[in-house]
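These notes concern the structure reproduced below.
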Amino acid sequence: MATVVEKTGIKREKGWLYYLDKKGDVSRARMARGGGKVPKGRPQRVVKCGIEREEGFLYFIDKKGHVCKVKMVRRRKTAARRTPARKSATRKRTTTRRTAGKKTARKKAARRSTARKRTAAKKTPRRSKTSRRRTTTGRARR
């Protein structure tokens with residue numbers, strides 16, 4: 001659960017992002033997708049609190065408008081994670097044949113090659129019927 005650091009009682013307005021700035025004061029900035037045009041300007045200070053931040057805590061403004069903090073939960077690094085226990089070397093390893101996988105791979109490769117041939121055939125330009133009818137003299141055959 002979060003603990004209240006300071007009771008400010010801020011009334012939030014729509015389209016604004018409320019946060020705790022570097023100096024420990026509550027500020028607000030216009031949201032880019034908050035509805036309406038984004039005015040050019042700096043963030044505004046709403047309440048001067050001067051809160052000293054503690055390391056390992058996340059600070060936020062709750063629904064009531066008070067400044068709260070909660071302990072951050074961070075994941076362990078992959079090296080620090082517990083490694084699974086290795087199985088003993090005395091255990092017999094069994095190998096299984098995977099012929100079905102090879103057959104499906106061959107079928108897929110065959111399908112790909114036929115698909116490529118089809119697309120290549122579609123891309124070749126075809127002569128129109130009128131160009132076939134014309135002879136060297138320019139008259140159309142009937």
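Chains: A, B, ... in order of the structure tokens. Residues: from 1 per chain. Ligands: from 1, in order shown.
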(request) Write out as number ranges by chain each polymer residue whose atoms come within 10 Å of stretch 13-20 of chain A, counting only C-alpha atoms; drop sequence neighbours fewer than 3 positions from it. (result) A: 10, 23-38, 43-47, 49-51, 53, 59-62, 65, 67-68
Dump as a PDB file, in the first residue's frame, selection limited to C-alpha atoms:
```pdb
ATOM      1  CA  ILE A  10      -5.151  19.059  -5.692  1.00  0.00           C
ATOM      2  CA  LYS A  23      12.626  20.049  -6.611  1.00  0.00           C
ATOM      3  CA  GLY A  24       9.932  17.997  -4.859  1.00  0.00           C
ATOM      4  CA  ASP A  25       7.035  20.247  -5.893  1.00  0.00           C
ATOM      5  CA  VAL A  26       3.827  19.156  -7.613  1.00  0.00           C
ATOM      6  CA  SER A  27       3.805  20.335 -11.236  1.00  0.00           C
ATOM      7  CA  ARG A  28       1.613  19.798 -14.226  1.00  0.00           C
ATOM      8  CA  ALA A  29       2.245  19.638 -17.960  1.00  0.00           C
ATOM      9  CA  ARG A  30      -0.150  19.560 -20.879  1.00  0.00           C
ATOM     10  CA  MET A  31      -0.647  16.055 -22.277  1.00  0.00           C
ATOM     11  CA  ALA A  32       0.009  15.573 -25.971  1.00  0.00           C
ATOM     12  CA  ARG A  33      -3.171  13.510 -26.436  1.00  0.00           C
ATOM     13  CA  GLY A  34      -5.248  15.118 -23.728  1.00  0.00           C
ATOM     14  CA  GLY A  35      -7.806  16.657 -26.062  1.00  0.00           C
ATOM     15  CA  GLY A  36      -7.414  20.042 -27.691  1.00  0.00           C
ATOM     16  CA  LYS A  37      -4.314  21.877 -28.829  1.00  0.00           C
ATOM     17  CA  VAL A  38      -1.064  21.602 -26.924  1.00  0.00           C
ATOM     18  CA  PRO A  43       5.210  23.008 -17.052  1.00  0.00           C
ATOM     19  CA  GLN A  44       3.376  24.858 -14.309  1.00  0.00           C
ATOM     20  CA  ARG A  45       4.051  24.489 -10.581  1.00  0.00           C
ATOM     21  CA  VAL A  46       0.782  23.717  -8.795  1.00  0.00           C
ATOM     22  CA  VAL A  47       1.831  23.311  -5.136  1.00  0.00           C
ATOM     23  CA  CYS A  49       5.998  21.016  -1.255  1.00  0.00           C
ATOM     24  CA  GLY A  50       9.784  20.544  -1.226  1.00  0.00           C
ATOM     25  CA  ILE A  51       9.598  16.779  -0.671  1.00  0.00           C
ATOM     26  CA  ARG A  53      12.856  11.759  -2.255  1.00  0.00           C
ATOM     27  CA  TYR A  59       6.177   9.053  -5.923  1.00  0.00           C
ATOM     28  CA  PHE A  60       2.789   9.885  -7.434  1.00  0.00           C
ATOM     29  CA  ILE A  61      -0.346  11.981  -6.937  1.00  0.00           C
ATOM     30  CA  ASP A  62      -3.338   9.843  -5.926  1.00  0.00           C
ATOM     31  CA  GLY A  65      -4.762  14.833  -4.854  1.00  0.00           C
ATOM     32  CA  VAL A  67       1.419  13.067  -2.773  1.00  0.00           C
ATOM     33  CA  CYS A  68       2.074   9.386  -2.034  1.00  0.00           C
TER      34      CYS A  68
END
```
(request) Name all residues at most 10 Å from A:Lys11 (count only C-alpha atoms; drop same-chain ones fewer than 4 positions away) and give them as a ChimeraX atom specification. (result) /A:63-66
The selected residues should be written to file as a PDB file, in the first residue's frame (atoms: C-alpha atoms).
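Result written to again.pdb:
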```
ATOM      1  CA  LYS A  63      -7.052  10.291  -6.707  1.00  0.00           C
ATOM      2  CA  LYS A  64      -7.603  12.565  -3.723  1.00  0.00           C
ATOM      3  CA  GLY A  65      -4.762  14.833  -4.854  1.00  0.00           C
ATOM      4  CA  HIS A  66      -2.262  13.872  -2.160  1.00  0.00           C
TER       5      HIS A  66
END
```
(message) Between atom CA of A:Phe57 and atom CA of A:Arg75, what distance in Å does the model show, to one decimal?
(response) 14.6 Å
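One finds atom CA of A:Val5 at 10.0 Å from atom CA of A:Glu52.
Going from atom CA of A:Arg12 to atom CA of A:Gly41 covers 19.0 Å.
Closest approach to A:Val73 from the set A:Thr3, A:Arg118, A:Leu58, A:Lys48 is made by A:Leu58, with distances taken over only C-alpha atoms.
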